[in-house]
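Visitor: If it helps, the file is called upload.csv and holds CSV, C-alpha atoms:
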chain,number,residue,atom,x,y,z
A,199,MET,CA,127.5,241.9,38.1
A,200,LEU,CA,125.7,242.0,41.5
A,201,ALA,CA,128.8,243.4,43.2
A,202,GLN,CA,129.2,246.0,40.6
A,203,ARG,CA,125.6,247.1,41.1
A,204,TRP,CA,126.1,247.3,44.8
A,205,MET,CA,129.1,249.6,44.3
A,206,TRP,CA,127.0,251.8,41.9
A,207,ILE,CA,124.6,252.1,44.8
A,208,ALA,CA,126.9,252.3,47.9
A,209,TRP,CA,129.8,254.5,46.7
A,210,PRO,CA,127.8,257.5,45.5
A,211,ALA,CA,125.6,257.2,48.6
A,212,PHE,CA,128.7,257.2,50.8
A,213,LEU,CA,130.0,260.4,49.2
A,214,VAL,CA,126.6,262.1,49.6
A,215,ALA,CA,126.3,261.0,53.2
A,216,GLY,CA,129.7,262.5,54.0
A,217,LEU,CA,128.7,265.7,52.3
A,218,LEU,CA,125.3,265.8,54.1
A,219,GLU,CA,127.1,265.2,57.4
A,220,VAL,CA,129.4,268.2,56.9
A,221,LEU,CA,126.6,270.5,55.7
A,222,VAL,CA,124.1,269.5,58.5
A,223,PHE,CA,126.5,269.7,61.4
A,224,ALA,CA,128.0,272.9,60.2
A,225,PHE,CA,124.7,274.5,61.2
A,226,VAL,CA,123.4,272.1,63.9
A,227,ASP,CA,124.9,271.4,67.3
A,228,PRO,CA,124.2,267.7,68.1
A,229,GLN,CA,123.7,268.6,71.8
A,230,ASP,CA,120.8,270.8,70.8
A,231,LEU,CA,118.8,268.0,69.1
A,232,HIS,CA,115.6,266.7,70.7
A,233,TRP,CA,113.6,263.5,70.0
A,234,PHE,CA,109.9,263.7,70.9
A,235,GLY,CA,110.6,266.6,73.3
A,236,HIS,CA,113.5,264.9,75.1
A,237,GLY,CA,117.2,265.7,74.7
A,238,LEU,CA,119.3,262.9,73.2
A,239,ASP,CA,121.5,261.4,75.9
A,240,LEU,CA,124.3,260.5,73.4
A,241,SER,CA,127.7,261.9,72.9
A,242,ARG,CA,128.4,264.1,69.9
A,243,GLN,CA,130.4,261.3,68.3
A,244,ALA,CA,127.5,258.9,68.6
A,245,ILE,CA,125.1,261.4,67.1
A,246,TYR,CA,127.5,262.1,64.2
A,247,THR,CA,127.8,258.3,63.6
A,248,LEU,CA,124.1,257.6,63.7
A,249,ALA,CA,123.4,260.6,61.5
A,250,PHE,CA,126.0,259.5,59.0
A,251,PHE,CA,124.5,256.0,58.7
A,252,ALA,CA,121.0,257.4,58.4
A,253,PHE,CA,122.1,259.7,55.6
A,254,TRP,CA,123.9,256.8,54.0
A,255,ALA,CA,120.9,254.6,54.1
A,256,LEU,CA,118.6,257.2,52.6
A,257,ALA,CA,121.1,258.0,49.9
A,258,MET,CA,121.4,254.2,49.1
A,259,VAL,CA,117.7,254.0,48.8
A,260,SER,CA,117.8,256.9,46.3
A,261,SER,CA,120.7,255.4,44.3
A,262,ALA,CA,119.0,252.0,44.2
A,263,LEU,CA,115.7,253.5,43.0
A,264,THR,CA,117.7,255.3,40.3
A,265,LEU,CA,119.4,252.1,39.2
A,266,LEU,CA,116.0,250.3,39.2
A,267,LEU,CA,114.4,252.9,37.1
A,268,GLY,CA,117.3,252.8,34.6
A,269,MET,CA,117.0,249.1,34.0
A,270,SER,CA,115.3,247.7,30.9
A,271,SER,CA,112.1,245.8,31.3
A,272,ALA,CA,113.9,242.6,30.3
A,273,ASP,CA,116.4,243.0,33.2
A,274,VAL,CA,113.6,243.8,35.7
A,275,ASN,CA,111.5,240.7,34.7
A,276,ARG,CA,114.4,238.3,34.9
If you took the structure in this file and wrote it as structure tokens, what would it be?
Guide:
Amino acid sequence: MLAQRWMWIAWPAFLVAGLLEVLVFAFVDPQDLHWFGHGLDLSRQAIYTLAFFAFWALAMVSSALTLLLGMSSADVNR
């Protein structure tokens, strides 16, 4: 049951992260990004990778919150 819940969280989040990656980097050049006024000294691939994992983590938090809010009170208090 726990593995099934993880898949309910991870798989949709993975798909959303992929979509966000395509949408964001269709309009943003990774070499133009700045962090606290300084340019990022990373390759484009590294920025794509870090952004994908950041998008995936945020989408997983959203999916987990949705799953938590959909649980009955008996399941939550177990």
Visitor: Env of Thr264 of chain A: 12 Å cut, atoms = all atoms listed in the file, seq-sep filter 2 positions within chain, self excluded. Answer as JSON, numbers by chain.
Guide: {"A": [203, 206, 207, 210, 211, 257, 258, 259, 260, 261, 262, 266, 267, 268, 269]}
Visitor: Quick one: of A:Ala249, A:Leu200, A:Ala208, A:Val274, who's nearest to Leu231 of chain A, counting all atoms listed in the file?
Guide: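 Smallest separation from Leu231 of chain A among the options: A:Ala249.
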Visitor: For the atom pair atom CA of Phe253 of chain A and atom CA of Val214 of chain A, what is the interatomic distance in Å to one decimal place?
Guide: 7.9 Å
Visitor: Report, in Å to a single decimal, how far apart atom CA of Phe223 of chain A and atom CA of Asp239 of chain A are.
Guide: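 Between atom CA of Asp239 of chain A and atom CA of Phe223 of chain A the gap works out to 17.4 Å.
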Visitor: If you measure from atom CA of Trp233 of chain A to atom CA of Tyr246 of chain A, what distance in Å do you get, rounded to one decimal?
Guide: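 Spanning atom CA of Trp233 of chain A to atom CA of Tyr246 of chain A is a straight-line distance of 15.1 Å.
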Visitor: Leaving out Asp227 of chain A and any residue of its chain fewer than 6 positions from it, which residues lie within 12 Å of it when counting only C-alpha atoms, given as a PyMOL selection string?
Guide: chain A and resi 219-221+238+241-243+245-246
